[in-house]
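Peer 1: First the structure, then my questions, so here it is.
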Amino acid sequence: MSAIDKLETLDHGVLRFLTAGSVDDGKSTLIGRLLYDTKAILADQLASIERTSRKRGQTLDLSLLTDGLVAEREQGITIDVAYRYFATARRKFIIADAPGHEQYTRNMVTAASTAQLAILLVDARHGVVTQTRRHATLAHLLGIPHIIVAVNKMDLVSYDESAFGAIVADFLA
C-alpha cells in the first residue's frame with residue numbers, strides 16, 4: 001500500500017489536494033498532465049486546447065485545461081481556483097489549481113481550506129521565492145497535514161543536482 005493510499009479521506013474515498021507555488025512554477029501544467037494521463041479529459045476539451053495551443057504557436061498546452069475564465073486564457077494566468085476531478089483504479093481525487101500571483105493569494109487560501117495534501121511546486125530556474133514561502137506558510141497555518149515540495153522544470157537546468165540541492169537547502173533554511 002502506497003503512502004497516498006494510506007492518507008485519510010473525508011469524502012467517501014476522495015482525496016482533496018491542491019497545487020501551490022509561485023507564478024509559472026507549473027501548477028496548472030501539472031494538473032493538466034494528471035488529467036491527460038488519467039484520461040479525465042473529454043474529447044471536446046482536448047480539441048479546444050489543441051486549437052488554442054495552435055493559435056498561440058505552441059505544442060499542446062495542458063495548463064489550459066484549468067483556465068476556465070476568459071481573462072485567464074487571454075492572460076495565460078490562473079486567477080480563480082479551478083477544481084478538477086480525476087480517478088485512478090485505486091482512488092478518486094479532487095485537485096484544486098491555486099493561483100500563484102501575490103494579488104490572488106486569498107484564492108489559494110480558499111483552495112487550501114479543504115485540502116488534505118498540498119503539492120508545493122518550485123521552478124528549478126528560480127528556486128524558492130517569496131510566494132513559495134508564503135504558500136508553504138499558509139498551507140501549514142491552515143493545517144494541511146501533508147505537504148510535498150516538488151522541484152519542477154529540472155530539464156531547464158540540465159538536471160543539475162547542485163541546483164536541486166541548493167533549492168532543498170534554501171527551502172529547509
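Naming scheme: A, B, ... for chains in displayed order of the C-alpha cells; residues 1 onward per chain; ligands 1 onward as shown.
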Kindly provide the residues of stretch 33-127 of chain A that approach stretch 161-167 of chain A to within 10 Å, each paired with its closest atom pair and their distance in Å to one decimal, based on only C-alpha atoms, listed by chain and increasing number, as CSV.
Peer 2:
```
residue,atom,partner,partner_atom,distance
A:Val122,CA,A:Ile167,CA,8.2
A:Asp123,CA,A:Ile167,CA,9.3
A:Ala124,CA,A:Phe164,CA,7.0
A:Arg125,CA,A:Ala163,CA,8.2
A:His126,CA,A:Ile167,CA,9.0
A:Gly127,CA,A:Ile167,CA,5.5
```
Peer 1: Suppose we keep C-alpha atoms; can you now write the selection as a PDB file, in the first residue's frame?
Peer 2:
```
ATOM      1  CA  VAL A 122       9.303  25.207  -7.142  1.00  0.00           C
ATOM      2  CA  ASP A 123      10.706  26.227 -10.539  1.00  0.00           C
ATOM      3  CA  ALA A 124      14.296  24.927 -10.673  1.00  0.00           C
ATOM      4  CA  ARG A 125      15.434  28.060 -12.529  1.00  0.00           C
ATOM      5  CA  HIS A 126      14.168  30.496  -9.891  1.00  0.00           C
ATOM      6  CA  GLY A 127      14.320  28.439  -6.723  1.00  0.00           C
TER       7      GLY A 127
END
```
Peer 1: Where does stretch 69-134 of chain A meet stretch 34-53 of chain A within 8 Å, residue by residue, with the nearest atom pair and distance in Å to one decimal for each, counting only C-alpha atoms, listed by chain and rising number, as a tab-separated table?
Peer 2:
```
residue	atom	partner	partner_atom	distance
A:Tyr85	CA	A:Ala40	CA	7.7
A:Phe86	CA	A:Ala40	CA	5.7
A:Ala87	CA	A:Thr38	CA	7.0
A:Thr88	CA	A:Thr38	CA	6.8
```
Peer 1: For those residues, write C-alpha atoms to a file as a compact mmCIF listing (two decimals), in the first residue's frame.
Peer 2:
```txt
# COMPACT_ATOMS: atom_id res chain seq x y z
CA TYR A 85 -11.87 15.57 -10.60
CA PHE A 86 -9.97 12.52 -11.74
CA ALA A 87 -9.65 8.92 -10.66
CA THR A 88 -7.29 6.01 -10.87
```
Peer 1: DSSP says strand (DSSP E or B) for which residues of stretch 2-173 of chain A? Put them as a tab-separated table (two decimals) with C-alpha atoms, in the first residue's frame?
Peer 2:
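The result, stored in out_35.tsv:
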```
chain	number	residue	atom	x	y	z
A	11	ASP	CA	-15.39	12.42	1.28
A	14	VAL	CA	-11.88	11.13	-2.35
A	15	LEU	CA	-8.52	12.77	-1.66
A	16	ARG	CA	-8.63	16.55	-1.95
A	17	PHE	CA	-5.33	18.25	-2.78
A	18	LEU	CA	-4.02	21.43	-4.30
A	19	THR	CA	-1.08	22.69	-6.25
A	20	ALA	CA	0.61	25.74	-4.78
A	21	GLY	CA	3.67	27.83	-5.52
A	82	ALA	CA	-10.15	25.64	-10.56
A	83	TYR	CA	-11.31	22.31	-9.18
A	84	ARG	CA	-10.95	19.18	-11.28
A	85	TYR	CA	-11.87	15.57	-10.60
A	86	PHE	CA	-9.97	12.52	-11.74
A	87	ALA	CA	-9.65	8.92	-10.66
A	92	LYS	CA	-10.57	9.30	-6.57
A	93	PHE	CA	-9.13	12.81	-6.41
A	94	ILE	CA	-10.31	16.40	-6.41
A	95	ILE	CA	-7.46	18.72	-7.24
A	96	ALA	CA	-7.51	22.47	-6.79
A	97	ASP	CA	-5.38	24.69	-9.01
A	117	LEU	CA	-2.47	17.43	0.78
A	118	ALA	CA	-0.57	20.25	-0.93
A	119	ILE	CA	1.94	19.93	-3.73
A	120	LEU	CA	4.17	22.98	-3.49
A	121	LEU	CA	5.95	23.44	-6.80
A	122	VAL	CA	9.30	25.21	-7.14
A	123	ASP	CA	10.71	26.23	-10.54
A	146	HIS	CA	0.81	16.59	4.12
A	147	ILE	CA	2.93	18.94	2.02
A	148	ILE	CA	5.01	17.71	-0.90
A	149	VAL	CA	7.71	20.05	-2.18
A	150	ALA	CA	8.27	19.27	-5.86
A	151	VAL	CA	11.15	20.83	-7.77
A	152	ASN	CA	9.82	21.32	-11.28
```
Peer 1: So, counting only C-alpha atoms, which residue among A:Gly143, A:Lys27, A:Leu62, A:Glu102 is closest to A:Val129?
Peer 2: A:Glu102
Peer 1: Between atom CA of A:Gly13 and atom CA of A:Pro145, measure the distance and give it in Å to one decimal.
Peer 2: 16.7 Å
Peer 1: For atom CA of A:Asp24 and atom CA of A:His140, quote the distance in Å rounded to one decimal.
Peer 2: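 Computed distance, atom CA of A:Asp24 to atom CA of A:His140, equals 21.9 Å.
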